[in-house]
Amino acid sequence: MGEKLQWANLKSFPWLVFFVAIFIWVAIAGANFYYQNNGGYTGTGILFPISVIYPNQFLWSGFVFAFLFLVSGIFAFKYAEKLNVYLLFFIAIVLVLLGNLSQGDFDIAFLRPFYFKGRQYYADAINITDGQIWLRDFSKNLEQFQMHTKTHPPFVTLLHFWILNISNIETLAIVFFAIGCLSFPLFYQVLVCLGFEGTRRKWMLLLFAVIPSVNIYLLVSIDALVLTSTLIFLLGFARIFHQKKIDAISFLLISSGLILTNLLTFSGLFLFAFLGCISFYFLLKGKWNFVWLSLMGTVVFILAFAIIYVTTGYDQLETFLLASQSENPDGFRLFHQPFVYVMTRLEDIGEIFLFLSFGFLAVLFSKRQGIEVFENRNINILFFSAITAISAMFLTGAYGTGETARACLFLVPYFLILLKDIGSDQFKILFYLCIFQTFGMQMIGNFYW
């Protein structure tokens, strides 16, 4: 009877959607590969929609770590209900470590992302002699820097410089990973505020740790820091929905997330677009409180960067305009390369979906009973505000080089919170599909940025 019940539960998963998603990916990837091999130009990577991947050298040590990742994740999920949440935070961190050590060793997993090919922020950071002068003249010297440095605010590279100035690259890697790991307690607190049940919160925490995008990019990328800062922002809104009022702490969280994110990346514009979308939604309902919240947050943001300008001479707006021009020298791509514009938009969306896992996509696009992902009003408001905001950015031509699984890592929480009310059996199958996909992806390649 137990076996029949398990088989019935297995059949309840939307396998048709799962395999259709894989088929669509293979079809588009195959067409893109064929077109490029015959001299066509799409502006995307050859392994659509993956923008950056380098084949992995097989190392037995890496296989052992990957196997430990798989076994640890499955056992932790199986016994999650009995485990203390603080132990689960530790397990989540270990899962990210093991997943990335699947590359082979500490150097490959922790250090190489900083110095590989000599074109990362690290390459510019080691050449800084005086941080204050470097910051003041950043806009003036923009075109001399590496690709990542000149398309981001200077504080990313300065953070490298400050840490390297007092220690070494190993400490740099550990600090980045430590800041990224703050996303686990922050995400857990978001789930608490959104009313997730205790066991589901624990399952969600483990899923968050093994989902491909987070497991691959949380270790030592700038986008792990951005994930943490944007979760501070999201926690502010989750608190407002939980308390049904805007208080000082929620405002502080939102403002802090807004400022910290924009210090690290110009993708912080997503948060302003999000504020605009959620304010518009509530304005249609005749409520002005979110409009005032957004305006006050924007004022605090402007004041913060005005103080930075007065004290350092650094102009965030000037740098953003120069960085945009550097990334899009020919202007809006739709007007001069419409086909490439469409293909790169598909690549941006496709990479986010691929790194969420095919199991998640099956649940997201299923209409089966027991797999309801759009049942909660507050979660829907957060999710659709985020999707509208990122869609507007994609339409402007943002992320022209892809890499959205990494650069849009901040979107993952907005997708995952949709799983609040899906059935436990479907969640379990989703988790196992997700961890096996991450296992495979970590084994086949290095997704260096």
# chains A, B, ... in the order shown; residues from 1 in each chain; ligands from 1
>>> select_by_dssp(residues="stretch 10-236 of chain A", states="helix (DSSP H, G or I)", output="MDAnalysis selection string")
chainID A and resid 10:11 15:37 60:78 80:82 85:101 106:118 121:125 131:136 142:144 147:150 155:166 169:181 183:193 198:210 212:217 222:236
>>> residues_around(residues="A:Ala238", least_positions_apart="5", cutoff="12 Å", atoms="only C-alpha atoms", output="PyMOL selection string")
chain A and resi 186-196+231-233+243-247+249-251+253-254+378-379+381-383+413-414+417
>>> write_last_selection(atoms="N, CA, C and O atoms", output="compact mmCIF listing (two decimals), in the first residue's frame")
# COMPACT_ATOMS: atom_id res chain seq x y z
N LEU A 186 18.67 35.75 6.41
CA LEU A 186 17.78 36.79 5.89
C LEU A 186 16.61 36.17 5.13
O LEU A 186 15.45 36.57 5.31
N PHE A 187 16.90 35.20 4.28
CA PHE A 187 15.85 34.53 3.52
C PHE A 187 14.90 33.80 4.45
O PHE A 187 13.67 33.84 4.28
N TYR A 188 15.45 33.16 5.48
CA TYR A 188 14.62 32.45 6.45
C TYR A 188 13.66 33.42 7.16
O TYR A 188 12.48 33.12 7.35
N GLN A 189 14.17 34.60 7.50
CA GLN A 189 13.33 35.59 8.18
C GLN A 189 12.24 36.12 7.25
O GLN A 189 11.12 36.41 7.69
N VAL A 190 12.55 36.24 5.96
CA VAL A 190 11.53 36.62 4.97
C VAL A 190 10.41 35.59 4.97
O VAL A 190 9.22 35.94 4.95
N LEU A 191 10.79 34.31 5.02
CA LEU A 191 9.79 33.23 5.03
C LEU A 191 8.92 33.30 6.28
O LEU A 191 7.71 33.06 6.22
N VAL A 192 9.53 33.62 7.42
CA VAL A 192 8.77 33.76 8.67
C VAL A 192 7.72 34.87 8.52
O VAL A 192 6.55 34.69 8.85
N CYS A 193 8.16 36.01 8.01
CA CYS A 193 7.26 37.15 7.86
C CYS A 193 6.14 36.90 6.85
O CYS A 193 5.05 37.48 6.96
N LEU A 194 6.41 36.04 5.87
CA LEU A 194 5.39 35.75 4.86
C LEU A 194 4.49 34.59 5.26
O LEU A 194 3.65 34.15 4.48
N GLY A 195 4.68 34.09 6.49
CA GLY A 195 3.76 33.09 7.02
C GLY A 195 4.02 31.66 6.61
O GLY A 195 3.10 30.82 6.65
N PHE A 196 5.25 31.32 6.23
CA PHE A 196 5.58 29.94 5.89
C PHE A 196 5.54 29.08 7.16
O PHE A 196 6.04 29.48 8.21
N LEU A 231 18.12 41.06 -0.18
CA LEU A 231 17.27 40.36 0.78
C LEU A 231 16.96 41.25 1.98
O LEU A 231 15.89 41.13 2.59
N ILE A 232 17.88 42.14 2.33
CA ILE A 232 17.59 43.14 3.37
C ILE A 232 16.41 44.00 2.93
O ILE A 232 15.48 44.27 3.70
N PHE A 233 16.44 44.40 1.66
CA PHE A 233 15.36 45.19 1.05
C PHE A 233 14.05 44.41 1.08
O PHE A 233 13.01 44.92 1.51
N GLN A 243 3.17 42.72 9.49
CA GLN A 243 2.65 43.59 10.54
C GLN A 243 1.44 44.41 10.10
O GLN A 243 0.75 45.01 10.90
N LYS A 244 1.24 44.45 8.76
CA LYS A 244 0.17 45.24 8.15
C LYS A 244 0.31 46.73 8.45
O LYS A 244 -0.67 47.46 8.59
N LYS A 245 1.58 47.14 8.58
CA LYS A 245 1.86 48.57 8.76
C LYS A 245 3.33 48.83 8.42
O LYS A 245 4.16 47.91 8.43
N ILE A 246 3.63 50.07 8.07
CA ILE A 246 5.00 50.47 7.79
C ILE A 246 5.59 51.07 9.07
O ILE A 246 5.08 52.05 9.59
N ASP A 247 6.66 50.44 9.56
CA ASP A 247 7.29 50.96 10.76
C ASP A 247 8.72 51.41 10.46
O ASP A 247 9.21 51.26 9.33
N ILE A 249 11.62 50.23 11.45
CA ILE A 249 12.58 49.15 11.13
C ILE A 249 12.42 48.72 9.67
O ILE A 249 13.40 48.51 8.96
N SER A 250 11.17 48.58 9.22
CA SER A 250 10.93 48.19 7.82
C SER A 250 11.49 49.24 6.87
O SER A 250 12.13 48.90 5.86
N PHE A 251 11.28 50.50 7.19
CA PHE A 251 11.81 51.58 6.36
C PHE A 251 13.33 51.56 6.34
O PHE A 251 13.96 51.75 5.30
N LEU A 253 15.27 48.94 6.81
CA LEU A 253 15.70 47.78 6.01
C LEU A 253 15.63 48.09 4.51
O LEU A 253 16.55 47.80 3.75
N ILE A 254 14.51 48.68 4.09
CA ILE A 254 14.33 49.00 2.67
C ILE A 254 15.36 50.03 2.21
O ILE A 254 16.00 49.87 1.16
N ASN A 378 -0.09 38.42 -0.92
CA ASN A 378 1.12 39.19 -0.64
C ASN A 378 2.31 38.71 -1.46
O ASN A 378 3.11 39.52 -1.96
N ILE A 379 2.43 37.39 -1.58
CA ILE A 379 3.52 36.83 -2.38
C ILE A 379 3.35 37.20 -3.84
O ILE A 379 4.32 37.52 -4.54
N ILE A 381 1.98 39.91 -5.00
CA ILE A 381 2.35 41.32 -5.14
C ILE A 381 3.86 41.46 -5.27
O ILE A 381 4.37 42.16 -6.15
N LEU A 382 4.60 40.77 -4.40
CA LEU A 382 6.07 40.83 -4.43
C LEU A 382 6.61 40.22 -5.73
O LEU A 382 7.48 40.81 -6.39
N PHE A 383 6.09 39.05 -6.10
CA PHE A 383 6.59 38.36 -7.29
C PHE A 383 6.33 39.16 -8.56
O PHE A 383 7.25 39.38 -9.37
N PRO A 413 14.96 34.60 -4.64
CA PRO A 413 13.97 34.57 -3.55
C PRO A 413 12.55 34.88 -4.00
O PRO A 413 11.59 34.31 -3.46
N TYR A 414 12.40 35.77 -4.99
CA TYR A 414 11.06 36.12 -5.46
C TYR A 414 10.39 34.93 -6.14
O TYR A 414 9.16 34.78 -6.09
N ILE A 417 9.61 31.98 -3.17
CA ILE A 417 8.49 32.19 -2.24
C ILE A 417 7.15 31.75 -2.83
O ILE A 417 6.17 31.57 -2.09
>>> closest_residue(among="A:Cys434, A:Tyr121, A:Ala66, A:Val94", to="A:Ala362", atoms="only C-alpha atoms")
A:Cys434
>>> closest_atom_pairs(of="stretch 3-94 of chain A", to="stretch 406-410 of chain A", cutoff="12 Å", atoms="only C-alpha atoms", output="Markdown table")
| residue | atom | partner | partner_atom | distance |
| --- | --- | --- | --- | --- |
| A:Ile50 | CA | A:Arg406 | CA | 10.7 |
| A:Ser51 | CA | A:Arg406 | CA | 10.1 |
| A:Val52 | CA | A:Arg406 | CA | 10.1 |
>>> closest_residue(among="A:Leu284, A:Val291, A:Ile133, A:Leu356", to="A:Thr311", atoms="only C-alpha atoms")
A:Ile133
>>> closest_residue(among="A:Leu142, A:Ala31, A:Leu95, A:Ala109", to="A:Leu322", atoms="only C-alpha atoms")
A:Leu142
>>> closest_residue(among="A:Val363, A:Val210, A:Leu111, A:Val373", to="A:Ile429", atoms="only C-alpha atoms")
A:Val363
>>> atom_distance(atom1="atom CA of A:Ala386", atom2="atom CA of A:Phe274")
5.7 Å
>>> closest_residue(among="A:Asn215, A:Ser366, A:Gln426, A:Thr44", to="A:Ala21", atoms="only C-alpha atoms")
A:Ser366
>>> residues_around(residues="stretch 113-119 of chain A", least_positions_apart="4", cutoff="10 Å", atoms="only C-alpha atoms", output="number ranges by chain")
A: 107-109, 123-124, 145-149, 160, 169, 172-173, 219-221, 446-449
>>> residues_around(residues="stretch 58-60 of chain A", least_positions_apart="4", cutoff="12 Å", atoms="only C-alpha atoms", output="PDB file with C-alpha atoms, in the first residue's frame")
ATOM      1  CA  VAL A  64      34.214  12.989  -3.921  1.00  0.00           C
ATOM      2  CA  PHE A  65      33.081  16.501  -2.932  1.00  0.00           C
ATOM      3  CA  ALA A  66      30.211  16.338  -5.441  1.00  0.00           C
ATOM      4  CA  PHE A  67      29.119  12.963  -4.057  1.00  0.00           C
ATOM      5  CA  LEU A 101      34.580  22.102  -4.157  1.00  0.00           C
ATOM      6  CA  SER A 102      33.218  19.741  -6.815  1.00  0.00           C
ATOM      7  CA  GLN A 103      35.479  21.817  -9.085  1.00  0.00           C
ATOM      8  CA  GLY A 104      38.411  20.022  -7.447  1.00  0.00           C
ATOM      9  CA  ASP A 105      40.098  22.016  -4.711  1.00  0.00           C
ATOM     10  CA  ILE A 108      39.742  26.352  -8.187  1.00  0.00           C
ATOM     11  CA  GLN A 442      28.849  21.507 -10.861  1.00  0.00           C
ATOM     12  CA  MET A 443      30.538  18.422 -12.306  1.00  0.00           C
ATOM     13  CA  ILE A 444      30.547  19.386 -15.996  1.00  0.00           C
ATOM     14  CA  GLY A 445      31.900  22.920 -15.929  1.00  0.00           C
ATOM     15  CA  ASN A 446      33.227  26.057 -14.261  1.00  0.00           C
TER      16      ASN A 446
END
>>> decode(residues="stretch 48-59 of chain A", atoms="N, CA and C atoms", output="CSV table (one decimal), in the first residue's frame")
chain,number,residue,atom,x,y,z
A,48,PHE,N,23.7,28.0,-25.6
A,48,PHE,CA,22.5,28.7,-25.2
A,48,PHE,C,21.7,27.9,-24.2
A,49,PRO,N,21.2,28.6,-23.1
A,49,PRO,CA,21.3,30.0,-22.8
A,49,PRO,C,22.5,30.3,-21.8
A,50,ILE,N,23.4,29.3,-21.6
A,50,ILE,CA,24.5,29.5,-20.7
A,50,ILE,C,25.5,30.5,-21.3
A,51,SER,N,25.8,31.6,-20.7
A,51,SER,CA,26.6,32.6,-21.2
A,51,SER,C,28.1,32.3,-21.0
A,52,VAL,N,28.5,31.8,-19.8
A,52,VAL,CA,29.9,31.6,-19.5
A,52,VAL,C,30.0,30.2,-18.9
A,53,ILE,N,30.8,29.3,-19.5
A,53,ILE,CA,31.1,28.0,-19.0
A,53,ILE,C,32.4,27.5,-19.6
A,54,TYR,N,33.2,27.0,-18.7
A,54,TYR,CA,34.5,26.4,-19.1
A,54,TYR,C,34.5,24.9,-18.7
A,55,PRO,N,34.8,24.0,-19.6
A,55,PRO,CA,34.8,22.6,-19.3
A,55,PRO,C,35.6,22.2,-18.1
A,56,ASN,N,35.1,21.3,-17.3
A,56,ASN,CA,35.8,20.9,-16.1
A,56,ASN,C,36.8,19.8,-16.4
A,57,GLN,N,38.0,19.9,-15.8
A,57,GLN,CA,38.9,18.8,-15.8
A,57,GLN,C,38.5,17.8,-14.7
A,58,PHE,N,38.4,16.6,-15.1
A,58,PHE,CA,37.9,15.6,-14.1
A,58,PHE,C,39.0,15.4,-13.0
A,59,LEU,N,38.6,15.6,-11.8
A,59,LEU,CA,39.5,15.3,-10.6
A,59,LEU,C,38.7,14.4,-9.6
